[in-house]
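Q: Can you keep this structure in mind? I'll have questions shortly.
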Amino acid sequence: MTTSAATGHVPQHVPPGHILRYTFRERLVHWLAALSYIYLLLTGLAFWSPWLFWLAVFLGGAPVSRMLHPWIGLIFFAGIVQMFALWASQMGVTPVDREWFGAIGHYIRNEDEDMPPAGRYNAGQKLLFWGFMFFGVLLLLSGVVLWFPEYIPWNLRVLRYIAVLVHASSAMATIGLFLIHVYMGVFAERGAIDSVIHGDVTEEFVRRYHPGWYKELGNSSTSRK
Amino acid sequence: MSQAILRIQKISGHAGSVPGEDTQREPTLCKLIDTTTCIGCKACEVACMEWNDLPFGETVFGNTYQTMPETRWNYWNLILFNEYEREDGTLMWLMRKNQCMHCADPGCLKACPSDGAIVQYTNGIVDFQQANCIGCGYCITGCPFNIPKFNQETKRVYKCTLCTDRVSEGLEPACIKSCPTGCLHFGTKEDMRELAATRATQLREHYNFPNAGVYDPPGVGGTGVMYVLHDATQPELYGGLPRDPHIPWSVRLWKGPLKWLGNAAMIGGLIGLVVHYLRFGPKTRDEDLEVPHEGAQP
């Protein structure tokens with residue numbers, strides 16, 4: 001049994017030899033954002049290219065996709081806000097993070113033993129987090145303009161011109177982050193996807209990928225073990 | 001004329017070939033509006049509403065003839081009244097019949113993501129197909145003339161069709177038919193260009209309008225609606241007619257370089273991840289380094 005450092009309550013049973021990595025609230029927020037993002041991605045790609053317009057047909061028709069995309073966008077943004085509340089304090093850039101980016105070649109070649117000791121989140125995860133925060137805000141602002149183009153007066157039409165560019169390029173940036181995130185979580189780092197579903201990871205996972213955090217947990221009196 | 005003139009030569013949001021592209025050489029059709037003989041009677045406005053069966057909308061009263069500030073989803077043809085004081089103190093009352101310009105290079109069509117929601121026929125008419133419209137409003141952003149208008153009830157966008165239904169049966173558009181002064185003309189672009197040039201010459205040489213000229217902006221590839229203006233050097237006087245309209249820079253950037261850059265990045269990223277997985281595979285775990293059956297967790 002353990003208590004979460006993030007919320008201070010919601011005890012959850014963790015099997016022996018495992019560590020609780022994500023609390024129920026963290027997992028819930030993650031999947032709220034993840035599922036809404038996937039919907040936004042598919043409908044957004046449908047509007048992006050005629051080659052992918054069938055995605056909108058598949059999802060109930062393009063007019064429905066046009067109607068729901070902004071509302072799901074608001075849900076996604078609510079997820080972003082929750083994530084900020086949960087994790088922003090843990091996403092500060094440390095000297096280790098700078099070293100981590102310097103050694104990213106080892107990370108790419110799976111030479112994790114040569115990496116500087118990452119904390120609960122490594123520098124790449126922090127980049128993902130801040131990337132989604134930054135582009136999430138840009139997507140919201142430009143998205144509001146695109147939601148109601150007919151209310152933008154002719155004299156302020158430059159807002160629409162900026163919005164179409166900002167929305168598309170911010171979306172592209174998040175797609176890059178998203179692809180790497182899914183690849184890391186599902187394919188590269190075995191145990192990661194389970195941790196965001198069930199909450200726990202093996203001690204070995206923490207020792208190997210987040211040695212800084214492992215040390216912190218070992219020294220801490222409220223160990224999660 | 002037959003239905004054959006309604007073959008499509010440009011189509012919005014379409015993957016693949018376009019059915020009518022380069023298959024026929026239809027004459028491009030064109031409206032010519034001689035602003036110098038318009039008397040602002042609004043007969044064209046009424047004819048447009050009647051023929052297209054558009055529901056009436058409320059007008060505004062501001063002590064001018066301008067009972068509506070701009071076109072609406074249900075008001076496609078609007079005369080803009082402009083009082084202009086010349087340098088010598090005399091007043092000119094400039095009237096311009098405003099409607100879709102049926103650009104040869106339509107910004108609405110370029111911006112539209114929905115397959116077949118906006119088409120351009122081989123005769124040059126740019127037509128919205130509301131059945132295929134998804135209500136995103138990108139055409140509003142793409143248009144350099146502020147023409148497409150959104151209907152909040154149907155969530156679709158509407159504009160002048162150049163009376164496609166009449167034209168395909170060999171008739172002139174309703175507005176043309178109603179004009180009592182003959183300031184509205186309709187025919188092939190070639191004929192209208194000639195007529196416009198003749199009229200502009202007449203205005204310059206015999207009516208003391210040295211700047212008279214024809215408005216057929218090349219920035220949008222020329223338009224299916226041309227104007228004869230008393231002063232072609234100042235089109236802005238005629239209710240903000242843009243001097244040099246283009247498809248907005250951001251729409252061109254968005255639908256051009258940004259699209260190809262984005263596609264290349266997405267496809268390249270996917271390929272990169274697959275190659276990474278094949279080359280390096282998943283990250284190593286302790287059990288991968290141990291002899292099988294001895295690596296059980298404590």
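By convention here, the chains of the structure tokens are called A, B, ... in the order presented, each chain's residues are numbered starting at 1, and ligands are numbered starting at 1 in the order presented.
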Could the residues of chain A that have an atom at most 8 Å from chain B be listed as a tab-separated table, each with its closest atom pair and the distance in Å to one decimal, counting only C-alpha atoms and ordered by chain and ascending residue number?

A:
residue	atom	partner	partner_atom	distance
A:Gly17	CA	B:Pro298	CA	7.4
A:Phe47	CA	B:Pro113	CA	5.4
A:Trp48	CA	B:Pro113	CA	7.0
A:Ser49	CA	B:Pro113	CA	7.1
A:Pro50	CA	B:Gly13	CA	4.9
A:Trp51	CA	B:Ala15	CA	5.5
A:Phe53	CA	B:Ser114	CA	7.5
A:Ala62	CA	B:Ile134	CA	5.8
A:Pro63	CA	B:Ile134	CA	4.2
A:Val64	CA	B:Ile134	CA	7.9
A:Arg66	CA	B:Cys136	CA	6.3
A:Arg109	CA	B:Phe280	CA	6.3
A:Asn110	CA	B:Lys283	CA	5.4
A:Asp112	CA	B:Lys283	CA	8.0
A:Leu146	CA	B:Cys136	CA	7.7
A:Trp147	CA	B:Cys136	CA	7.5
A:Phe148	CA	B:Gly137	CA	7.9
A:Pro149	CA	B:Gly137	CA	6.1
A:Glu150	CA	B:Phe150	CA	6.3
A:Trp154	CA	B:Asn146	CA	7.1
A:Arg157	CA	B:Thr141	CA	7.4
A:Arg160	CA	B:Thr141	CA	6.2
A:Tyr161	CA	B:Ser250	CA	5.4
A:Ile162	CA	B:Ser250	CA	6.9
A:Val164	CA	B:Trp254	CA	7.2
A:Leu165	CA	B:Trp254	CA	5.9
A:Ala168	CA	B:Trp254	CA	7.7
A:Ser169	CA	B:Leu258	CA	7.7
A:Met172	CA	B:Gly262	CA	6.3
A:Ile175	CA	B:Met266	CA	7.5
A:Gly176	CA	B:Met266	CA	7.1
A:Leu179	CA	B:Leu270	CA	7.5
A:Ile180	CA	B:Leu273	CA	7.7
A:Tyr183	CA	B:Leu273	CA	7.2
A:Phe187	CA	B:Pro282	CA	6.1
A:Ala188	CA	B:Pro282	CA	4.0
A:Glu189	CA	B:Lys283	CA	5.6
A:Arg190	CA	B:Pro282	CA	7.0
A:Glu204	CA	B:Asp286	CA	7.3
A:Phe205	CA	B:Arg285	CA	7.8
A:Arg208	CA	B:Arg285	CA	7.9

Q: Could you give me, as a list in words, the residues within 12 Å of stretch 203-210 of chain B, counting only C-alpha atoms and dropping anything in the same chain fewer than 2 positions from it?

A: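 Skipping anything fewer than 2 positions along the chain leaves Asp34, Thr35, Thr36, Thr37, Ala196, Ala197, Thr198, Arg199, Ala200, Thr201, Ala212, Gly213, Val214, Val228, Leu229, His230, Asp231, Ala232 and Thr233 of chain B.
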
Q: For a test of reading the model, state the distance in Å between atom CA of A:Thr202 and atom CA of A:Gly92, rounded to one decimal.

A: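 A separation of 25.1 Å between them.
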
Q: Report, in Å to a single decimal, how far apart atom CA of B:Leu6 and atom CA of B:Thr122 are.

A: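 A separation of 6.6 Å between them.
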
Q: What are the DSSP alpha helix (DSSP H) residues of stretch 10-189 of chain A, as a compact mmCIF listing (two decimals) with C-alpha atoms, in the first residue's frame?

A:
# COMPACT_ATOMS: atom_id res chain seq x y z
CA PHE A 24 -5.58 7.41 -10.48
CA ARG A 25 -6.04 11.13 -11.06
CA GLU A 26 -2.91 11.32 -13.19
CA ARG A 27 -4.03 8.37 -15.29
CA LEU A 28 -7.52 9.81 -15.68
CA VAL A 29 -6.22 13.17 -16.82
CA HIS A 30 -3.76 11.49 -19.18
CA TRP A 31 -6.48 9.49 -20.92
CA LEU A 32 -8.90 12.40 -21.03
CA ALA A 33 -6.27 14.35 -22.91
CA ALA A 34 -5.08 11.36 -24.94
CA LEU A 35 -8.47 10.26 -26.24
CA SER A 36 -9.63 13.78 -27.00
CA TYR A 37 -6.30 14.45 -28.74
CA ILE A 38 -6.72 11.37 -30.93
CA TYR A 39 -10.16 12.55 -32.00
CA LEU A 40 -8.78 16.02 -32.73
CA LEU A 41 -5.88 14.50 -34.64
CA LEU A 42 -8.08 12.35 -36.87
CA THR A 43 -10.66 15.05 -37.63
CA GLY A 44 -7.95 17.68 -37.96
CA LEU A 45 -6.04 15.56 -40.48
CA ALA A 46 -9.30 15.15 -42.42
CA PHE A 47 -9.53 18.93 -42.77
CA TRP A 48 -5.80 19.15 -43.47
CA TRP A 54 -12.28 9.97 -45.48
CA LEU A 55 -11.29 10.05 -41.80
CA ALA A 56 -14.06 12.58 -41.18
CA VAL A 57 -16.55 10.48 -43.16
CA PHE A 58 -15.53 7.46 -41.09
CA ALA A 62 -17.45 15.89 -42.06
CA PRO A 63 -20.16 18.31 -40.84
CA VAL A 64 -20.32 16.35 -37.56
CA SER A 65 -16.55 16.42 -37.32
CA ARG A 66 -16.59 20.18 -37.91
CA MET A 67 -19.22 20.60 -35.21
CA LEU A 68 -17.52 18.39 -32.59
CA HIS A 69 -13.86 19.25 -33.21
CA PRO A 70 -14.02 22.59 -31.30
CA TRP A 71 -15.93 21.10 -28.37
CA ILE A 72 -13.55 18.15 -28.07
CA GLY A 73 -10.81 20.77 -28.33
CA LEU A 74 -12.18 22.40 -25.19
CA ILE A 75 -12.12 19.03 -23.41
CA PHE A 76 -8.52 18.53 -24.54
CA PHE A 77 -7.62 21.95 -23.24
CA ALA A 78 -9.25 21.14 -19.90
CA GLY A 79 -6.93 18.10 -19.84
CA ILE A 80 -3.96 20.37 -20.56
CA VAL A 81 -4.93 22.64 -17.66
CA GLN A 82 -5.25 19.65 -15.32
CA MET A 83 -1.86 18.36 -16.45
CA PHE A 84 -0.35 21.72 -15.72
CA ALA A 85 -1.82 21.64 -12.22
CA LEU A 86 -0.55 18.10 -11.65
CA TRP A 87 2.89 18.15 -13.17
CA PRO A 95 21.29 20.69 -14.81
CA VAL A 96 20.84 16.94 -15.28
CA ASP A 97 18.30 17.67 -18.03
CA ARG A 98 20.85 19.73 -19.92
CA GLU A 99 23.34 16.88 -19.67
CA TRP A 100 20.59 14.50 -20.74
CA PHE A 101 20.05 16.37 -24.00
CA GLY A 102 23.82 16.38 -24.53
CA ILE A 104 20.68 12.06 -26.32
CA GLY A 105 22.65 9.96 -28.82
CA HIS A 106 23.04 7.26 -26.16
CA TYR A 107 19.33 7.43 -25.41
CA ILE A 108 18.47 6.92 -29.07
CA ALA A 123 14.37 15.80 -20.10
CA GLY A 124 12.56 14.41 -23.15
CA GLN A 125 9.38 13.98 -21.14
CA LYS A 126 9.70 17.52 -19.87
CA LEU A 127 10.09 18.75 -23.43
CA LEU A 128 6.92 16.86 -24.37
CA PHE A 129 5.08 18.40 -21.45
CA TRP A 130 6.09 21.99 -22.15
CA GLY A 131 5.59 21.48 -25.87
CA PHE A 132 2.01 20.40 -25.33
CA MET A 133 1.42 23.28 -22.89
CA PHE A 134 2.77 25.86 -25.35
CA PHE A 135 1.17 24.54 -28.52
CA GLY A 136 -2.01 23.67 -26.61
CA VAL A 137 -2.49 27.34 -25.75
CA LEU A 138 -1.75 28.38 -29.35
CA LEU A 139 -4.21 25.79 -30.66
CA LEU A 140 -6.89 27.06 -28.29
CA LEU A 141 -6.41 30.72 -29.23
CA SER A 142 -6.28 30.11 -32.98
CA GLY A 143 -9.02 27.51 -32.68
CA VAL A 144 -11.47 30.01 -31.20
CA VAL A 145 -10.95 32.25 -34.25
CA LEU A 146 -11.47 29.30 -36.61
CA TRP A 147 -14.55 28.23 -34.66
CA ARG A 157 -9.54 39.58 -41.05
CA VAL A 158 -5.80 39.37 -40.40
CA LEU A 159 -6.78 37.40 -37.26
CA ARG A 160 -8.23 34.71 -39.49
CA TYR A 161 -5.13 34.75 -41.68
CA ILE A 162 -2.89 34.25 -38.65
CA ALA A 163 -5.18 31.66 -37.09
CA VAL A 164 -5.13 29.25 -40.03
CA LEU A 165 -1.32 29.26 -40.03
CA VAL A 166 -0.90 29.07 -36.26
CA HIS A 167 -3.46 26.28 -35.91
CA ALA A 168 -1.94 24.13 -38.64
CA SER A 169 1.68 24.60 -37.63
CA SER A 170 0.98 24.12 -33.92
CA ALA A 171 -0.92 20.95 -34.76
CA MET A 172 2.05 19.70 -36.79
CA ALA A 173 4.36 20.39 -33.84
CA THR A 174 2.12 18.43 -31.46
CA ILE A 175 1.89 15.56 -33.97
CA GLY A 176 5.68 15.30 -33.86
CA LEU A 177 5.63 15.20 -30.05
CA PHE A 178 2.69 12.79 -30.07
CA LEU A 179 4.34 10.30 -32.45
CA ILE A 180 7.51 10.15 -30.35
CA HIS A 181 5.49 9.92 -27.13
CA VAL A 182 3.38 7.01 -28.37

Q: Tell me, as a ChimeraX atom specification, which residues lie within 9 Å of stretch 67-82 of chain B, counting only C-alpha atoms; anything in the same chain fewer than 4 positions away does not count.

A: /B:40-42,44-46,48-49,54-63,92-100,146-151,156-161,175,237-239

Q: State, in Å with one decimal place, the distance from atom CA of B:Ile8 to atom CA of B:Gln120.

A: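 Interatomic distance, atom CA of B:Ile8 to atom CA of B:Gln120: 5.7 Å.
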
Q: Point out the residue among B:Arg166, B:Ile33, B:Ala131, B:Thr28 with the least atom-to-atom distance to B:Cys179, counting only C-alpha atoms.

A: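 Residue with the minimum atom-to-atom distance to B:Cys179: B:Ile33.
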